[in-house]
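Asks: Let me give you the structure first, and then I'll get to my questions.
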Amino acid sequence: MSTELKIVLIVCAVLIVLLFIVLSSRTRIKKIYQKYLNVGNQSHLTGGQFAGIAIEQLDLDITLGVTDGELTDAYSPKRKMLIMSREVCNSPSLASLTIVAHELGHALQDFKNDYLFHFSQIVGRINRFISKFFIPVLIAGIVVLFFNMEIALTLLWVSLGIFLFNVLDKIITIPVEYNASHRALRYLKDYHYLSQSEISKAKKLLNCAAQTYIASLFDGIILFGNKLNRLFTKTRRR
């Protein structure tokens with residue numbers, strides 16, 4: 001077996017493993033979310049009701065919003081808004097309280113001027129802008145290889161820098177998400193919204209969600225492969 005073939009097989013094996021990690025973590029969080037969406041909470045509160053009460057208790061100057069989709073819940077520091085999916089907003093479930101509490105954790109990070117939270121927001125905005133140039137710069141670098149090696153290497157280094165910045169963005173996000181989950185569990189426990197057994201289940205849901213943050217480190221590699229595949233597919237069709 002040639003060295004080139006061995007390298008190709010190793011790369012394929014790594015991509016398959018990464019794809020399995022990403023997809024399995026997402027499948028697991030959806031499975032646990034659906035399970036606990038059908039489990040009630042001792043407070044008998046929907047996500048929307050809980051959010052309204054918690055905002056007053058925590059003295060947070062934020063508004064509430066509702067969106068479609070599954071697991072689309074988020075906190076927007078720009079709009080000072082806690083956004084809930086319709087299921088979470090209207091369901092009096094364990095999952096609803098846990099997810100809303102997690103997003104409230106982000107709101108607390110924002111209002112308490114948590115350094116890492118605000119730093120992650122800045123890095124995230126920069127990453128969303130420069131990531132648009134990753135594929136064009138990479139392809140330009142590959143094409144220019146045939147004409148000017150020096151310029152080509154510069155472009156390839158720039159594309160590598162963009163990719164590494166994407167990884168940095170996700171690395172910074174992980175402790176921010178863990179901290180929001182910690183704040184959520186403490187709040188749910190201190191204010192007795194959930195029983196001790198329910199707290200254990202909420203922790204399981206949040207830990208599973210944390211695994212998806214870690215798995216998202218590999219999304220860039222998988223997404224890069226998908227983009228290249230679509231690009232070459234379009235090229236072949238022309």
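Chain labels A, B, ... are given in the sequence in which chains occur in the structure tokens; within each chain residues are numbered consecutively from 1, and ligands are likewise numbered from 1 in the order shown.
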Give me the residues within 9 Å of Leu94 in chain A as a PDB file with C-alpha atoms, in the first residue's frame, counting only C-alpha atoms and dropping any in the same chain fewer than 5 places off.

Replies:
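And here's selection-v2.pdb as it stands now:
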```pdb
ATOM      1  CA  TYR A  36     -37.982  15.531  29.343  1.00  0.00           C
ATOM      2  CA  LEU A  37     -40.393  17.650  27.296  1.00  0.00           C
ATOM      3  CA  ASN A  38     -42.969  15.028  28.272  1.00  0.00           C
ATOM      4  CA  VAL A  39     -41.989  15.062  31.963  1.00  0.00           C
ATOM      5  CA  GLY A  40     -43.692  17.621  34.192  1.00  0.00           C
ATOM      6  CA  ASN A  41     -42.061  19.783  36.858  1.00  0.00           C
ATOM      7  CA  GLN A  42     -43.128  20.201  40.474  1.00  0.00           C
ATOM      8  CA  ILE A  99     -33.662  25.382  28.996  1.00  0.00           C
ATOM      9  CA  LEU A 194     -37.402  21.636  40.807  1.00  0.00           C
ATOM     10  CA  GLU A 198     -35.680  16.744  38.933  1.00  0.00           C
ATOM     11  CA  LYS A 201     -32.475  15.091  35.369  1.00  0.00           C
ATOM     12  CA  ALA A 202     -31.953  18.767  34.527  1.00  0.00           C
TER      13      ALA A 202
END
```

Asks: Can you pull out every residue within 8 Å of Ser85 in chain A, counting only C-alpha atoms, but drop anything in the same chain fewer than 6 positions away, and send it as an NGL selection string?

Replies: :A and (66-73)

Asks: Just the selected residues (N, CA and C atoms), exported as a PDB file, in the first residue's frame, please.

Replies:
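File produced: selection_29.pdb:
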```pdb
ATOM      1  N   VAL A  66     -40.704  34.651  21.193  1.00  0.00           N
ATOM      2  CA  VAL A  66     -41.006  33.259  20.837  1.00  0.00           C
ATOM      3  C   VAL A  66     -40.650  33.035  19.378  1.00  0.00           C
ATOM      4  N   THR A  67     -40.071  31.872  19.089  1.00  0.00           N
ATOM      5  CA  THR A  67     -39.687  31.542  17.725  1.00  0.00           C
ATOM      6  C   THR A  67     -40.101  30.113  17.390  1.00  0.00           C
ATOM      7  N   ASP A  68     -40.132  29.802  16.105  1.00  0.00           N
ATOM      8  CA  ASP A  68     -40.458  28.445  15.675  1.00  0.00           C
ATOM      9  C   ASP A  68     -39.205  27.565  15.714  1.00  0.00           C
ATOM     10  N   GLY A  69     -39.416  26.278  15.532  1.00  0.00           N
ATOM     11  CA  GLY A  69     -38.291  25.347  15.484  1.00  0.00           C
ATOM     12  C   GLY A  69     -38.056  24.639  16.803  1.00  0.00           C
ATOM     13  N   GLU A  70     -37.148  23.664  16.766  1.00  0.00           N
ATOM     14  CA  GLU A  70     -36.810  22.863  17.951  1.00  0.00           C
ATOM     15  C   GLU A  70     -35.410  23.219  18.425  1.00  0.00           C
ATOM     16  N   LEU A  71     -35.255  23.390  19.736  1.00  0.00           N
ATOM     17  CA  LEU A  71     -33.973  23.768  20.334  1.00  0.00           C
ATOM     18  C   LEU A  71     -33.425  25.061  19.717  1.00  0.00           C
ATOM     19  N   THR A  72     -34.319  25.999  19.489  1.00  0.00           N
ATOM     20  CA  THR A  72     -33.942  27.305  18.927  1.00  0.00           C
ATOM     21  C   THR A  72     -33.896  28.384  20.011  1.00  0.00           C
ATOM     22  N   ASP A  73     -33.956  27.970  21.263  1.00  0.00           N
ATOM     23  CA  ASP A  73     -33.960  28.902  22.394  1.00  0.00           C
ATOM     24  C   ASP A  73     -32.598  29.600  22.491  1.00  0.00           C
TER      25      ASP A  73
END
```

Asks: Quick one, how far is CA of Ile172 in chain A from CA of Cys208 in chain A?

Replies: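 Taking CA of Ile172 in chain A as the start and CA of Cys208 in chain A as the end point, the length is 18.2 Å.
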
Asks: Could you name the residues that touch Thr46 in chain A at 6 Å or less, counting only C-alpha atoms, but leaving out those on the same chain fewer than 4 positions away, as a list of chain:residue names?

Replies: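 My reading of the contact set: A:Asn90, A:Ser91, A:Pro92.
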
Asks: Nearest residue to Gly65 in chain A out of A:Ile162, A:Ser181, A:His118, A:Met84, using only C-alpha atoms?

Replies: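 Residue with the minimum atom-to-atom distance to Gly65 in chain A: A:Met84.
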
Asks: Need to verify the contact set: Ile174 in chain A, 7 Å, only C-alpha atoms, exclusion of same-chain residues closer than 4 positions in sequence. Can you return it as a PyMOL selection string?

Replies: chain A and resi 170+178+213-214

Asks: Take the selection from the previous step and output its residues with N, CA and C atoms, as a short mmCIF file (atom, residue, chain, number, x, y, z; two decimals), in the first residue's frame.

Replies:
```
data_model
loop_
_atom_site.label_atom_id
_atom_site.label_comp_id
_atom_site.auth_asym_id
_atom_site.auth_seq_id
_atom_site.Cartn_x
_atom_site.Cartn_y
_atom_site.Cartn_z
N LYS A 170 -15.21 28.63 19.14
CA LYS A 170 -15.94 27.53 19.77
C LYS A 170 -15.31 27.10 21.09
N TYR A 178 -20.92 26.28 29.97
CA TYR A 178 -20.86 25.55 31.24
C TYR A 178 -21.24 26.45 32.41
N TYR A 213 -21.60 21.23 22.56
CA TYR A 213 -20.71 22.37 22.41
C TYR A 213 -19.30 21.88 22.06
N ILE A 214 -18.88 20.81 22.74
CA ILE A 214 -17.56 20.25 22.47
C ILE A 214 -17.51 19.64 21.07
#
```
